[in-house]
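Some notes on the structure that comes next.
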Amino acid sequence: MQNIIEITNLADPALAPYVRLTEAQLKNRLHPEDGLFIAESPVVIGYALDAGWEPASFLMERRHVAGKAAALLARCPGVPVYAADAAVLEKLTGFPLTRGVLCAMKRKPLPAPEDACRGARRVAVLEGIVDATNVGAIFRSAAALGVDAVLLTPTTCDALNRRAVRVSMGAVFQVPWARIGESAADWPEAGLTRLRAMGFSTCALALTDDALPIDDPALARQERLALVLGSEGDGLAPATVARCDFTARIPMAHGVDSLNVAAAGAVAFWVLARR
């Protein structure tokens, strides 16, 4: 049975995950078992449910209860559904809910990298990528272009950041992913050693004089290959590049030196991960 709750008090603590809690507060580092994240739109929420993530509550325009959210709610009997007219919700959030349906979902423990990468031939490793838009875009490209798993280094943005989930269009729920290390000391040396123990060759995407072109046959021949992408500003750390088995770059024209990391990842995935 649906548990529809009419919003009458904009200060209701139950609405805090949607409008008052920061990303850090949603993650709840002190009590990760109580952590939440926000998924937006019926499509994205549906992917999350398909992947086994558990809803804590919904927030939506009243008209969507029997409309475009009806199928979702049928899958989640008893989950609180906070509903109101669009004008009330806009006052609550400070912006129009263009996607109409939000869901606060419960976090769950992430798999170990070895479990996320089991059976994988091509994985992407994101080093120090802090922009949630880039992380979401990389996940979407990974899902579309055949990357089997994504690993996040300790300094990379949370893949369940609200913007990352939105930009990925739910791909964070379709591609297996994990953290490869919890502290700065776990990367790059320990993390790259861990990847090799899993049977992966490692390829740094970096602008070095000796870098191979991304379509070099030596890269395509690798049975298991981890593509390591670096931060938005400085790219990969020199220590990471030095420890990788290969370095590759995307040939450029018109004097352009590089692509945005999300665009570079898409090109590399197309060349090296497509079936």
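By order of appearance in the structure tokens: chains A, B, ..., then residues from 1 within every chain, and ligands from 1 in the order shown.
On the backbone of this structure, DSSP gives alpha helix (DSSP H) within region 27-112 of chain A to Lys27, Pro42, Val43, Val44, Ile45, Gly46, Tyr47, Ala48, Leu49, Asp50, Arg62, Arg63, His64, Val65, Ala70, Ala71, Leu72, Leu73, Ala74, Ala86, Ala87, Val88, Leu89, Glu90, Lys91, Leu92 and Thr93 of chain A.
Non-sequential neighbours of region 182-186 of chain A (distance at most 6 Å, separation of 2 or more positions within a chain, only C-alpha atoms) are Pro154, Ala190 and Gly191 of chain A.
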Written file, previous selection with N, CA and C atoms, as a PDB file, in the first residue's frame:
ATOM      1  N   PRO A 154      41.147   7.295  -3.718  1.00  0.00           N
ATOM      2  CA  PRO A 154      40.632   7.936  -2.497  1.00  0.00           C
ATOM      3  C   PRO A 154      40.254   9.407  -2.644  1.00  0.00           C
ATOM      4  N   ALA A 190      50.249   1.306  -3.923  1.00  0.00           N
ATOM      5  CA  ALA A 190      49.505   0.139  -3.445  1.00  0.00           C
ATOM      6  C   ALA A 190      48.357  -0.207  -4.388  1.00  0.00           C
ATOM      7  N   GLY A 191      47.676   0.812  -4.919  1.00  0.00           N
ATOM      8  CA  GLY A 191      46.555   0.551  -5.805  1.00  0.00           C
ATOM      9  C   GLY A 191      46.969  -0.091  -7.115  1.00  0.00           C
TER      10      GLY A 191
END
Among region 41-265 of chain A, which residues does DSSP mark as strand (DSSP E) when it is run on the backbone? Keep the chain and numbering as in the structure and answer as a CSV table (one decimal) with C-alpha atoms, in the first residue's frame.
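Output file out.csv is given in full below:
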chain,number,residue,atom,x,y,z
A,54,GLU,CA,16.7,0.5,-1.2
A,55,PRO,CA,14.5,3.6,-1.2
A,56,ALA,CA,14.0,5.5,2.1
A,57,SER,CA,11.4,8.0,0.8
A,58,PHE,CA,10.1,9.8,-2.2
A,59,LEU,CA,9.4,13.5,-2.9
A,60,MET,CA,7.3,14.5,-5.8
A,61,GLU,CA,4.6,16.6,-7.3
A,80,PRO,CA,6.9,7.3,2.5
A,81,VAL,CA,5.9,9.5,-0.4
A,82,TYR,CA,6.0,13.2,0.3
A,83,ALA,CA,3.8,15.0,-2.2
A,84,ALA,CA,2.6,18.6,-2.8
A,101,VAL,CA,10.3,12.8,-8.8
A,102,LEU,CA,13.1,12.5,-6.3
A,103,CYS,CA,14.1,9.5,-4.1
A,104,ALA,CA,16.3,9.4,-1.0
A,105,MET,CA,18.0,6.0,-1.2
A,106,LYS,CA,19.9,4.1,1.4
A,122,ARG,CA,38.5,-3.2,-19.4
A,123,VAL,CA,38.2,-1.0,-16.3
A,124,ALA,CA,38.5,2.8,-15.8
A,125,VAL,CA,40.4,4.1,-12.8
A,126,LEU,CA,39.6,7.7,-11.8
A,149,ALA,CA,34.0,-1.6,-14.1
A,150,VAL,CA,35.1,1.8,-12.7
A,151,LEU,CA,37.5,2.2,-9.7
A,152,LEU,CA,37.7,5.5,-7.8
A,177,TRP,CA,32.3,0.3,-9.2
A,178,ALA,CA,34.4,0.4,-6.0
A,179,ARG,CA,37.0,2.5,-4.2
A,201,SER,CA,48.0,-4.1,-17.3
A,202,THR,CA,47.8,-0.4,-16.5
A,203,CYS,CA,47.7,2.4,-19.0
A,204,ALA,CA,48.0,6.1,-18.0
A,205,LEU,CA,46.3,8.6,-20.2
A,212,LEU,CA,51.7,5.7,-27.4
A,213,PRO,CA,48.8,6.8,-29.6
A,225,LEU,CA,43.6,-3.4,-19.2
A,226,ALA,CA,43.0,-0.6,-16.6
A,227,LEU,CA,42.8,2.9,-18.1
A,228,VAL,CA,43.9,5.5,-15.6
A,229,LEU,CA,42.4,9.0,-16.0
A,246,PHE,CA,51.9,2.0,-20.6
A,247,THR,CA,51.3,5.7,-21.3
A,248,ALA,CA,48.9,6.7,-24.0
A,249,ARG,CA,47.6,9.9,-25.5
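Separating CA of Met252 (chain A) from CA of Gly136 (chain A) is a distance of 24.4 Å.
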